[in-house]
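Have a look at final36.pdb; it's PDB, C-alpha atoms:
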MODEL        1
ATOM      1  CA  MET P1410      19.437 -31.488 -38.857
ATOM      2  CA  ASP P1411      21.607 -29.645 -36.348
ATOM      3  CA  ASN P1412      21.343 -26.276 -38.091
ATOM      4  CA  THR P1413      17.563 -26.202 -38.295
ATOM      5  CA  MET P1414      16.085 -22.937 -37.019
ATOM      6  CA  VAL P1415      13.530 -23.393 -34.272
ATOM      7  CA  VAL P1416      10.788 -20.761 -34.409
ATOM      8  CA  SER P1417       8.757 -20.083 -31.284
ATOM      9  CA  VAL P1418       5.764 -17.907 -30.532
ATOM     10  CA  SER P1419       6.483 -14.267 -29.690
ATOM     11  CA  PRO P1420       7.446 -12.356 -27.631
ATOM     12  CA  HIS P1421      11.155 -13.096 -27.913
ATOM     13  CA  LEU P1422      12.439 -10.249 -25.712
ATOM     14  CA  ARG P1423      13.525 -11.119 -22.202
ATOM     15  CA  ALA P1424      13.751  -8.526 -19.462
ATOM     16  CA  LYS P1425      16.457  -8.662 -16.804
ATOM     17  CA  GLU P1426      13.930  -7.893 -14.064
ATOM     18  CA  ASP P1427      11.892 -10.701 -12.549
ATOM     19  CA  THR P1428       9.377 -10.816  -9.724
ATOM     20  CA  ARG P1429      12.028 -11.435  -7.083
ATOM     21  CA  ASN P1430      14.106  -8.429  -8.165
ATOM     22  CA  VAL P1431      11.067  -6.143  -8.217
ATOM     23  CA  MET P1432       9.887  -7.297  -4.794
ATOM     24  CA  ARG P1433      13.398  -6.941  -3.411
ATOM     25  CA  ASP P1434      13.436  -3.318  -4.558
ATOM     26  CA  VAL P1435      10.058  -2.711  -2.898
ATOM     27  CA  VAL P1436      11.372  -4.141   0.374
ATOM     28  CA  ILE P1437      14.458  -1.914   0.137
ATOM     29  CA  ALA P1438      12.234   1.106  -0.575
ATOM     30  CA  LEU P1439      10.150   0.321   2.526
ATOM     31  CA  LEU P1440      13.171   0.133   4.830
ATOM     32  CA  PRO P1441      13.267   3.910   5.538
ATOM     33  CA  ALA P1442       9.631   3.709   6.662
ATOM     34  CA  VAL P1443      10.438   0.669   8.812
ATOM     35  CA  VAL P1444      13.305   2.518  10.496
ATOM     36  CA  ALA P1445      11.124   5.594  10.951
ATOM     37  CA  SER P1446       8.356   3.518  12.550
ATOM     38  CA  VAL P1447      10.785   2.147  15.159
ATOM     39  CA  ILE P1448      12.211   5.601  15.878
ATOM     40  CA  ILE P1449       8.725   7.113  16.223
ATOM     41  CA  PHE P1450       6.775   4.344  17.966
ATOM     42  CA  GLY P1451       9.422   2.165  19.599
ATOM     43  CA  PHE P1452      10.547  -1.417  19.127
ATOM     44  CA  ARG P1453       7.019  -2.825  19.275
ATOM     45  CA  ALA P1454       6.630  -1.470  15.747
ATOM     46  CA  LEU P1455       9.385  -3.842  14.640
ATOM     47  CA  LEU P1456       7.662  -6.700  16.451
ATOM     48  CA  VAL P1457       4.386  -6.080  14.578
ATOM     49  CA  GLU P1458       6.241  -5.862  11.260
ATOM     50  CA  CYS P1459       8.168  -9.090  11.855
ATOM     51  CA  VAL P1460       5.013 -10.938  12.926
ATOM     52  CA  CYS P1461       3.112  -9.813   9.802
ATOM     53  CA  VAL P1462       5.951 -10.779   7.463
ATOM     54  CA  ALA P1463       6.568 -14.137   9.132
ATOM     55  CA  THR P1464       2.854 -15.011   9.111
ATOM     56  CA  ALA P1465       2.509 -14.058   5.440
ATOM     57  CA  VAL P1466       5.491 -16.206   4.428
ATOM     58  CA  ILE P1467       4.358 -19.204   6.499
ATOM     59  CA  CYS P1468       0.775 -18.984   5.183
ATOM     60  CA  GLU P1469       1.958 -18.845   1.577
ATOM     61  CA  TRP P1470       4.343 -21.765   2.034
ATOM     62  CA  ALA P1471       1.751 -23.890   3.855
ATOM     63  CA  PHE P1472      -1.063 -23.202   1.382
ATOM     64  CA  GLU P1473       1.097 -24.026  -1.631
ATOM     65  CA  LYS P1474       2.387 -27.148   0.123
ATOM     66  CA  ILE P1475      -1.132 -28.373   0.890
ATOM     67  CA  THR P1476      -2.483 -27.592  -2.599
ATOM     68  CA  LYS P1477       0.665 -28.947  -4.293
ATOM     69  CA  ARG P1478       1.322 -25.676  -6.094
ATOM     70  CA  GLN P1479       4.700 -24.365  -7.109
ATOM     71  CA  ASN P1480       6.372 -22.723  -4.138
ATOM     72  CA  THR P1481       6.581 -18.933  -4.592
ATOM     73  CA  VAL P1482       7.955 -17.908  -1.201
ATOM     74  CA  ARG P1483      11.337 -17.072  -2.733
ATOM     75  CA  ASP P1484       9.868 -14.392  -5.004
ATOM     76  CA  LEU P1485       9.447 -12.190  -1.881
ATOM     77  CA  SER P1486       5.874 -11.203  -2.763
ATOM     78  CA  ALA P1487       4.623 -12.602   0.555
ATOM     79  CA  VAL P1488       7.264 -10.549   2.373
ATOM     80  CA  VAL P1489       6.038  -7.391   0.623
ATOM     81  CA  THR P1490       2.400  -8.188   1.433
ATOM     82  CA  GLY P1491       3.149  -8.786   5.102
ATOM     83  CA  LEU P1492       5.284  -5.661   5.382
ATOM     84  CA  LEU P1493       2.714  -3.458   3.638
ATOM     85  CA  LEU P1494      -0.024  -4.755   5.918
ATOM     86  CA  ALA P1495       2.109  -3.967   8.973
ATOM     87  CA  MET P1496       2.670  -0.461   7.632
ATOM     88  CA  ASN P1497      -1.137  -0.045   7.682
ATOM     89  CA  LEU P1498      -1.593  -1.097  11.320
ATOM     90  CA  PRO P1499      -1.373   0.905  14.560
ATOM     91  CA  VAL P1500       1.541   0.013  16.800
ATOM     92  CA  SER P1501      -0.805  -1.058  19.610
ATOM     93  CA  ILE P1502      -2.583  -3.692  17.512
ATOM     94  CA  PRO P1503      -2.894  -7.037  19.346
ATOM     95  CA  ILE P1504      -0.451  -9.522  17.876
ATOM     96  CA  TRP P1505      -3.139 -12.107  17.182
ATOM     97  CA  GLN P1506      -5.011  -9.563  15.062
ATOM     98  CA  ALA P1507      -1.859  -8.836  13.062
ATOM     99  CA  ILE P1508      -1.542 -12.590  12.436
ATOM    100  CA  PHE P1509      -5.192 -12.739  11.370
ATOM    101  CA  GLY P1510      -4.670  -9.861   8.922
ATOM    102  CA  SER P1511      -1.683 -11.503   7.250
ATOM    103  CA  PHE P1512      -3.620 -14.777   7.018
ATOM    104  CA  VAL P1513      -6.522 -13.030   5.272
ATOM    105  CA  ALA P1514      -4.219 -11.147   2.897
ATOM    106  CA  ILE P1515      -2.330 -14.239   1.749
ATOM    107  CA  ILE P1516      -4.978 -16.959   1.821
ATOM    108  CA  PHE P1517      -8.262 -15.222   0.995
ATOM    109  CA  VAL P1518      -7.112 -12.350  -1.221
ATOM    110  CA  LYS P1519      -4.024 -13.782  -2.902
ATOM    111  CA  GLN P1520      -3.889 -17.579  -2.958
ATOM    112  CA  LEU P1521      -7.584 -18.424  -3.356
ATOM    113  CA  PHE P1522      -7.619 -16.280  -6.509
ATOM    114  CA  GLY P1523      -4.670 -18.162  -7.991
ATOM    115  CA  GLY P1524      -1.611 -16.625  -6.370
ATOM    116  CA  ILE P1525       0.585 -13.762  -7.473
ATOM    117  CA  GLY P1526      -0.681 -12.044 -10.602
ATOM    118  CA  GLN P1527      -4.251 -13.310 -10.169
ATOM    119  CA  ASN P1528      -5.577 -11.284  -7.231
ATOM    120  CA  PHE P1529      -8.317  -8.763  -8.042
ATOM    121  CA  ALA P1530      -7.225  -6.259  -5.389
ATOM    122  CA  ASN P1531      -4.180  -5.365  -3.352
ATOM    123  CA  PRO P1532      -3.995  -8.014  -0.584
ATOM    124  CA  ALA P1533      -2.654  -5.658   2.089
ATOM    125  CA  ILE P1534      -5.300  -2.998   1.390
ATOM    126  CA  THR P1535      -8.122  -5.539   1.401
ATOM    127  CA  ALA P1536      -6.912  -7.163   4.613
ATOM    128  CA  ARG P1537      -6.656  -3.754   6.295
ATOM    129  CA  ILE P1538     -10.263  -2.899   5.390
ATOM    130  CA  ILE P1539     -11.476  -6.284   6.658
ATOM    131  CA  MET P1540      -9.566  -5.735   9.893
ATOM    132  CA  PHE P1541     -10.991  -2.241  10.252
ATOM    133  CA  ILE P1542     -14.523  -3.618   9.956
ATOM    134  CA  ALA P1543     -13.835  -6.569  12.279
ATOM    135  CA  PHE P1544     -11.681  -4.791  14.859
ATOM    136  CA  SER P1545     -12.749  -1.164  14.614
ATOM    137  CA  GLY P1546     -11.689  -0.383  18.178
ATOM    138  CA  THR P1547      -8.090  -1.552  18.020
ATOM    139  CA  MET P1548      -7.691  -0.499  14.388
ATOM    140  CA  SER P1549      -8.544   3.101  15.251
ATOM    141  CA  SER P1550      -6.541   3.364  18.472
ATOM    142  CA  TRP P1551      -3.628   5.660  17.703
ATOM    143  CA  ALA P1552      -0.692   5.816  20.095
ATOM    144  CA  VAL P1553       1.230   8.952  20.887
ATOM    145  CA  PRO P1554       4.766   8.697  19.415
ATOM    146  CA  SER P1555       6.853   7.253  22.236
ATOM    147  CA  GLY P1556      10.338   6.983  20.818
ATOM    148  CA  ILE P1557      12.792   4.185  20.159
ATOM    149  CA  GLY P1558      13.133   3.153  23.795
ATOM    150  CA  SER P1559       9.523   2.077  24.253
ATOM    151  CA  TRP P1560       7.850  -1.292  23.729
ATOM    152  CA  LEU P1561       4.461   0.437  24.052
ATOM    153  CA  ASN P1562       2.391  -1.686  26.398
ATOM    154  CA  ALA P1563      -1.387  -1.903  26.481
ATOM    155  CA  ASP P1564      -1.627   1.121  28.781
ATOM    156  CA  ALA P1565       0.024   3.487  26.305
ATOM    157  CA  VAL P1566      -1.535   6.918  25.832
ATOM    158  CA  THR P1567      -3.632   7.291  22.694
ATOM    159  CA  SER P1568      -4.466  10.378  20.689
ATOM    160  CA  ALA P1569      -6.423  11.475  17.645
ATOM    161  CA  THR P1570      -4.809  11.574  14.224
ATOM    162  CA  PRO P1571      -4.341  14.943  12.483
ATOM    163  CA  LEU P1572      -7.234  14.129  10.134
ATOM    164  CA  ARG P1573      -9.537  13.512  13.083
ATOM    165  CA  LEU P1574      -8.384  16.760  14.696
ATOM    166  CA  LEU P1575      -9.182  18.585  11.450
ATOM    167  CA  GLU P1576     -12.618  16.985  11.370
ATOM    168  CA  LEU P1577     -13.252  18.067  14.970
ATOM    169  CA  GLU P1578     -11.818  21.529  14.211
ATOM    170  CA  GLN P1579      -9.309  21.197  17.056
ATOM    171  CA  TYR P1580      -6.672  23.168  15.195
ATOM    172  CA  GLU P1581      -4.721  24.102  18.318
ATOM    173  CA  ASP P1582      -3.835  20.435  18.893
ATOM    174  CA  LEU P1583      -2.480  19.861  15.391
ATOM    175  CA  PRO P1584       1.236  19.050  15.056
ATOM    176  CA  SER P1585       3.371  21.417  13.008
ATOM    177  CA  VAL P1586       3.923  20.896   9.302
ATOM    178  CA  ALA P1587       7.514  19.850  10.036
ATOM    179  CA  GLN P1588       6.303  17.246  12.540
ATOM    180  CA  MET P1589       3.781  15.988   9.997
ATOM    181  CA  PHE P1590       6.435  15.643   7.303
ATOM    182  CA  LEU P1591       8.932  13.897   9.571
ATOM    183  CA  GLY P1592       6.247  11.649  11.076
ATOM    184  CA  TRP P1593       6.011  12.684  14.717
ATOM    185  CA  ARG P1594       2.250  12.242  14.942
ATOM    186  CA  GLY P1595      -0.379   9.592  15.539
ATOM    187  CA  GLY P1596      -1.154   7.119  12.773
ATOM    188  CA  CYS P1597      -0.299   3.732  11.342
ATOM    189  CA  LEU P1598       3.259   2.439  11.501
ATOM    190  CA  GLY P1599       4.294   3.211   7.956
ATOM    191  CA  GLU P1600       2.162   6.191   7.068
ATOM    192  CA  THR P1601       3.397   8.909   9.416
ATOM    193  CA  SER P1602       6.826   9.800   7.984
ATOM    194  CA  CYS P1603       6.329  11.406   4.583
ATOM    195  CA  LEU P1604      10.095  11.893   4.370
ATOM    196  CA  ALA P1605      10.788   8.170   4.684
ATOM    197  CA  LEU P1606       8.092   7.333   2.128
ATOM    198  CA  LEU P1607       9.414   9.985  -0.269
ATOM    199  CA  ILE P1608      12.901   8.454  -0.075
ATOM    200  CA  GLY P1609      11.411   5.053  -0.882
ATOM    201  CA  GLY P1610       9.365   6.471  -3.759
ATOM    202  CA  ILE P1611      12.379   8.181  -5.326
ATOM    203  CA  TYR P1612      14.292   4.900  -5.097
ATOM    204  CA  LEU P1613      11.498   2.967  -6.851
ATOM    205  CA  ILE P1614      11.253   5.546  -9.633
ATOM    206  CA  ALA P1615      15.035   5.613 -10.063
ATOM    207  CA  ARG P1616      15.034   1.816 -10.286
ATOM    208  CA  ARG P1617      12.127   2.012 -12.771
ATOM    209  CA  VAL P1618      10.012  -0.248 -10.593
ATOM    210  CA  ILE P1619       7.212   2.338 -10.699
ATOM    211  CA  THR P1620       6.539   5.461 -12.746
ATOM    212  CA  TRP P1621       5.610   8.918 -11.479
ATOM    213  CA  HIS P1622       2.138   8.983 -13.019
ATOM    214  CA  THR P1623      -0.075   7.459 -10.312
ATOM    215  CA  PRO P1624       1.682   8.805  -7.170
ATOM    216  CA  VAL P1625       2.064  12.371  -8.463
ATOM    217  CA  VAL P1626      -1.465  12.568  -9.894
ATOM    218  CA  TYR P1627      -2.948  11.045  -6.726
ATOM    219  CA  LEU P1628      -1.165  13.494  -4.420
ATOM    220  CA  ALA P1629      -1.839  16.488  -6.683
ATOM    221  CA  THR P1630      -5.537  15.627  -6.948
ATOM    222  CA  VAL P1631      -5.933  15.500  -3.169
ATOM    223  CA  PHE P1632      -4.085  18.801  -2.745
ATOM    224  CA  VAL P1633      -6.059  20.675  -5.421
ATOM    225  CA  LEU P1634      -9.502  19.325  -4.498
ATOM    226  CA  THR P1635      -9.118  19.940  -0.769
ATOM    227  CA  ALA P1636      -7.935  23.483  -1.491
ATOM    228  CA  LEU P1637     -10.963  24.112  -3.723
ATOM    229  CA  LEU P1638     -13.277  22.730  -1.037
ATOM    230  CA  GLY P1639     -11.851  25.052   1.604
ATOM    231  CA  GLU P1640     -10.026  22.361   3.586
ATOM    232  CA  SER P1641      -6.383  22.464   4.702
ATOM    233  CA  PRO P1642      -4.573  21.081   1.653
ATOM    234  CA  VAL P1643      -1.135  20.797   3.284
ATOM    235  CA  TYR P1644      -2.448  18.890   6.301
ATOM    236  CA  GLN P1645      -4.717  16.795   4.103
ATOM    237  CA  LEU P1646      -1.713  15.887   1.972
ATOM    238  CA  LEU P1647       0.607  15.106   4.875
ATOM    239  CA  GLY P1648      -2.005  13.411   7.055
ATOM    240  CA  GLY P1649      -3.334   9.879   6.821
ATOM    241  CA  GLY P1650      -1.951   7.195   4.556
ATOM    242  CA  ILE P1651      -1.935   8.971   1.198
ATOM    243  CA  TRP P1652       1.826   8.816   0.677
ATOM    244  CA  LEU P1653       2.011   5.149   1.619
ATOM    245  CA  GLY P1654      -0.974   4.333  -0.580
ATOM    246  CA  ALA P1655       0.094   6.454  -3.546
ATOM    247  CA  ILE P1656       3.666   5.173  -3.691
ATOM    248  CA  PHE P1657       3.441   1.550  -2.601
ATOM    249  CA  MET P1658      -0.122   0.288  -3.075
ATOM    250  CA  ALA P1659      -1.755   2.245  -5.884
ATOM    251  CA  THR P1660       1.241   1.288  -8.058
ATOM    252  CA  ASP P1661       0.797  -2.467  -7.624
ATOM    253  CA  TYR P1662       1.472  -4.132 -10.978
ATOM    254  CA  VAL P1663      -1.394  -6.612 -10.796
ATOM    255  CA  THR P1664      -4.196  -4.351  -9.606
ATOM    256  CA  SER P1665      -3.433  -1.097 -11.452
ATOM    257  CA  PRO P1666      -3.428  -0.187 -15.165
ATOM    258  CA  PRO P1667      -0.174  -0.707 -17.109
ATOM    259  CA  THR P1668      -0.454   2.243 -19.511
ATOM    260  CA  PRO P1669       0.580   5.857 -18.689
ATOM    261  CA  ALA P1670      -2.919   7.130 -19.477
ATOM    262  CA  GLY P1671      -4.423   4.404 -17.314
ATOM    263  CA  LYS P1672      -2.105   5.248 -14.435
ATOM    264  CA  ILE P1673      -3.149   8.905 -14.621
ATOM    265  CA  ILE P1674      -6.848   7.990 -14.593
ATOM    266  CA  PHE P1675      -6.197   5.593 -11.716
ATOM    267  CA  GLY P1676      -4.448   8.325  -9.701
ATOM    268  CA  LEU P1677      -7.253  10.810 -10.418
ATOM    269  CA  GLY P1678      -9.868   8.320  -9.285
ATOM    270  CA  CYS P1679      -7.990   7.500  -6.083
ATOM    271  CA  GLY P1680      -7.573  11.186  -5.277
ATOM    272  CA  LEU P1681     -11.211  12.027  -5.993
ATOM    273  CA  ILE P1682     -12.622   9.169  -3.904
ATOM    274  CA  THR P1683     -10.222   9.895  -1.042
ATOM    275  CA  VAL P1684     -11.295  13.543  -0.880
ATOM    276  CA  LEU P1685     -15.002  12.705  -1.113
ATOM    277  CA  ILE P1686     -14.728  10.275   1.795
ATOM    278  CA  ARG P1687     -12.629  12.650   3.889
ATOM    279  CA  VAL P1688     -14.741  15.733   3.308
ATOM    280  CA  TYR P1689     -18.263  14.304   3.101
ATOM    281  CA  GLY P1690     -17.976  10.914   4.806
ATOM    282  CA  SER P1691     -18.062   9.997   8.475
ATOM    283  CA  TYR P1692     -14.616   8.376   8.295
ATOM    284  CA  PRO P1693     -11.705  10.864   8.279
ATOM    285  CA  GLU P1694      -9.508   8.695   6.013
ATOM    286  CA  GLY P1695     -10.363   7.339   2.584
ATOM    287  CA  CYS P1696      -7.111   6.107   1.076
ATOM    288  CA  SER P1697      -7.649   2.356   1.520
ATOM    289  CA  PHE P1698     -11.229   2.445   0.263
ATOM    290  CA  SER P1699     -10.296   4.554  -2.759
ATOM    291  CA  ILE P1700      -7.512   2.195  -3.853
ATOM    292  CA  LEU P1701      -9.741  -0.864  -3.395
ATOM    293  CA  LEU P1702     -12.527   0.694  -5.491
ATOM    294  CA  MET P1703     -10.069   1.693  -8.220
ATOM    295  CA  ASN P1704      -8.592  -1.826  -8.134
ATOM    296  CA  ILE P1705     -12.024  -3.114  -9.108
ATOM    297  CA  LEU P1706     -12.197  -0.606 -11.987
ATOM    298  CA  SER P1707      -8.623  -1.256 -13.110
ATOM    299  CA  PRO P1708      -9.450  -3.898 -15.774
ATOM    300  CA  TYR P1709     -11.883  -1.491 -17.434
ATOM    301  CA  ILE P1710      -9.406   1.384 -17.311
ATOM    302  CA  SER P1711      -6.758  -0.877 -18.845
ATOM    303  CA  LYS P1712      -9.143  -1.837 -21.635
ATOM    304  CA  TRP P1713     -10.132   1.783 -22.354
ATOM    305  CA  THR P1714      -6.531   3.008 -22.455
ATOM    306  CA  GLN P1715      -4.990   0.075 -24.299
ATOM    307  CA  PRO P1716      -2.983   1.407 -27.274
ATOM    308  CA  LYS P1717      -4.103   0.295 -30.714
ATOM    309  CA  PRO P1718      -1.563  -1.627 -32.823
ATOM    310  CA  PHE P1719      -0.149   0.464 -35.664
ATOM    311  CA  GLY P1720      -1.962  -0.477 -38.852
ATOM    312  CA  GLY P1721      -4.293  -2.787 -36.981
ATOM    313  CA  VAL P1722      -7.860  -3.399 -38.088
ATOM    314  CA  LYS P1723     -10.676  -3.285 -35.582
ATOM    315  CA  ALA P1724     -12.113  -6.755 -35.047
TER     316      ALA P1724
ENDMDL
END

Spell out the structure here as structure tokens.
Amino acid sequence: MDNTMVVSVSPHLRAKEDTRNVMRDVVIALLPAVVASVIIFGFRALLVECVCVATAVICEWAFEKITKRQNTVRDLSAVVTGLLLAMNLPVSIPIWQAIFGSFVAIIFVKQLFGGIGQNFANPAITARIIMFIAFSGTMSSWAVPSGIGSWLNADAVTSATPLRLLELEQYEDLPSVAQMFLGWRGGCLGETSCLALLIGGIYLIARRVITWHTPVVYLATVFVLTALLGESPVYQLLGGGIWLGAIFMATDYVTSPPTPAGKIIFGLGCGLITVLIRVYGSYPEGCSFSILLMNILSPYISKWTQPKPFGGVKA
């Protein structure tokens, strides 16, 4: 019968957004940080970013080709992973190490766990931590901002990050608050310019790709706790990779809770762990480790904060 109604299993709603559109918005939101990295550190920053993205895309395509999986390169998730990893690397990183990091992020953290939507932790964060353990020397070598005209060779001058200067109590060498906000300081490619990251964050919130809960709670927690502990809350907030982590990595759909309450708890946990590592640990930065640890707790937070169906009966 031509007029027979076909009933299918719910849900029946279809959203206009798909993975490709979301990832495209994330790439657009990262563009101000990409431009800032080239202005601050020179064109070698762009080289590192292109290498990481290209390696991530090639690794994803090759792995799915070999394992006969559906090709997901077009959803741009590999591009986002490669770009986020590059944002977490120093400009002087050897190119072969950048390739290694993208390989680890895509193959070992993403694809071996089933591909997009199945990874237990943020691939870029996990790859950065593995690289930091494996290549601690090059991963903690911070170049002095050299400007757009430099390719930054191996003999470039290095300096301590603001967080390291705070730890060493070398306050006279600290950049000004304005320099910190604009990004003219030592650090990873994508973490130095808070202004560029803020522009990207506002874009993602306006596009409803992310919500304010996790980034705002994360940043506020770090500010309040460092103030209570007698640290320099403004420098702690503007230094390191907190803005990059709070806006672009702690908000990852797969590895963070979906509910507003869960996002708030996630942001609180990230902020608390970051401050504990910075203040009481031997490592001046704690953003990556805090997000990875909260990624592991995310399924439990999601379960605890899952809303109960109206009129539902407990099983």

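Between Ser1602 of chain P and the candidates P:Gly1695, P:Pro1554, P:Gly1510, P:Pro1667, the tightest atom-to-atom separation, counting all atoms listed in the file, involves P:Pro1554.
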
Measuring atom to atom with all atoms listed in the file, identify which of P:Ala1629, P:Ile1449, P:Met1540, P:Val1436 is nearest to Gly1491 of chain P.
-> P:Val1436

Test item: the PyMOL selection byres ((chain P and resi 1490) around 9) resolved as an NGL selection string = :P and (1461-1462 or 1465 or 1485-1489 or 1491-1495 or 1511 or 1514-1515 or 1531-1533)

Would you translate the PyMOL selection byres ((chain P and resi 1544) around 12) into the concrete set of residues it matches in this file, as a list of chain:residue names?
-> P:Leu1498, P:Pro1499, P:Ile1502, P:Pro1503, P:Trp1505, P:Gln1506, P:Ala1507, P:Phe1509, P:Gly1510, P:Ala1536, P:Arg1537, P:Ile1538, P:Ile1539, P:Met1540, P:Phe1541, P:Ile1542, P:Ala1543, P:Ser1545, P:Gly1546, P:Thr1547, P:Met1548, P:Ser1549, P:Ser1550

Would you work out the distance separating atom CA of Asn1497 of chain P from atom CA of Cys1597 of chain P, expressed in Å to one decimal?
-> 5.3 Å

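Nearest residue to Gly1654 of chain P among P:Leu1628, P:Met1432, P:Cys1696, P:Leu1521 is P:Cys1696, counting all atoms listed in the file.
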
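Between atom CA of Arg1573 of chain P and atom CA of Ile1611 of chain P lies a distance of 29.1 Å.
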
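Neighbours of Val1643 of chain P closer than or equal to 12 Å, with all atoms listed in the file counted and sequence neighbours fewer than 5 positions away skipped, come out as Pro1571, Leu1572, Leu1575, Ser1585, Val1586, Ala1587, Met1589, Phe1590, Leu1628, Ala1629, Val1631, Phe1632, Val1633, Leu1634, Thr1635, Ala1636, Gly1648 and Gly1649 of chain P.
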
Determine the residue membership of the PyMOL selection byres ((chain P and resi 1594) around 8) for the file above and supply it as a ChimeraX atom specification.
-> /P:1553-1554,1570-1571,1584,1588-1589,1592-1593,1595-1596,1601

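Between Gly1639 of chain P and the residues P:Ala1530, P:Val1684, P:Arg1483, P:Phe1450, the shortest atom-to-atom distance, using only C-alpha atoms, involves P:Val1684.
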
For Thr1623 of chain P, the nearest of the candidates P:Gly1676, P:Gly1610, P:Pro1669, P:Pro1716, counting all atoms listed in the file = P:Gly1676

Please provide the set of residues having any atom within 10 Å of segment 1470-1474 of chain P, restricted to all atoms listed in the file, with same-chain residues fewer than 2 positions apart removed, written as JSON, numbers by chain.
-> {"P": [1464, 1465, 1466, 1467, 1468, 1476, 1477, 1478, 1479, 1480, 1481, 1482, 1483, 1487, 1515, 1516, 1520, 1521, 1524]}

Dump of C-alpha atoms for the selected residues, as a PDB file, keeping the file's coordinate frame:
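Below you can see again-v9.pdb, which holds the result:
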ATOM      1  CA  THR P1464       2.854 -15.011   9.111  1.00  0.00           C
ATOM      2  CA  ALA P1465       2.509 -14.058   5.440  1.00  0.00           C
ATOM      3  CA  VAL P1466       5.491 -16.206   4.428  1.00  0.00           C
ATOM      4  CA  ILE P1467       4.358 -19.204   6.499  1.00  0.00           C
ATOM      5  CA  CYS P1468       0.775 -18.984   5.183  1.00  0.00           C
ATOM      6  CA  THR P1476      -2.483 -27.592  -2.599  1.00  0.00           C
ATOM      7  CA  LYS P1477       0.665 -28.947  -4.293  1.00  0.00           C
ATOM      8  CA  ARG P1478       1.322 -25.676  -6.094  1.00  0.00           C
ATOM      9  CA  GLN P1479       4.700 -24.365  -7.109  1.00  0.00           C
ATOM     10  CA  ASN P1480       6.372 -22.723  -4.138  1.00  0.00           C
ATOM     11  CA  THR P1481       6.581 -18.933  -4.592  1.00  0.00           C
ATOM     12  CA  VAL P1482       7.955 -17.908  -1.201  1.00  0.00           C
ATOM     13  CA  ARG P1483      11.337 -17.072  -2.733  1.00  0.00           C
ATOM     14  CA  ALA P1487       4.623 -12.602   0.555  1.00  0.00           C
ATOM     15  CA  ILE P1515      -2.330 -14.239   1.749  1.00  0.00           C
ATOM     16  CA  ILE P1516      -4.978 -16.959   1.821  1.00  0.00           C
ATOM     17  CA  GLN P1520      -3.889 -17.579  -2.958  1.00  0.00           C
ATOM     18  CA  LEU P1521      -7.584 -18.424  -3.356  1.00  0.00           C
ATOM     19  CA  GLY P1524      -1.611 -16.625  -6.370  1.00  0.00           C
TER      20      GLY P1524
END

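Among the candidate residues P:Phe1529, P:Ile1448, P:Ala1454, P:Glu1469, the one lying nearest to Ile1504 of chain P is P:Ala1454, with distances computed using only C-alpha atoms.
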
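Between atom CA of Thr1535 of chain P and atom CA of Leu1455 of chain P the separation is 22.0 Å.
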
Determine, counting all atoms listed in the file, which protein, DNA and RNA residues have an atom within 10 Å of an atom of Ala1605 of chain P; residues of the same chain fewer than 4 positions away are not included. Present the result as a PyMOL selection string.
-> chain P and resi 1438-1446+1590-1592+1599-1601+1609-1610+1652-1653

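For Ser1691 of chain P, the list of residues within 10 Å, based on only C-alpha atoms and with local chain neighbours fewer than 4 positions off taken out, reads Glu1576, Ile1686 and Arg1687 of chain P.
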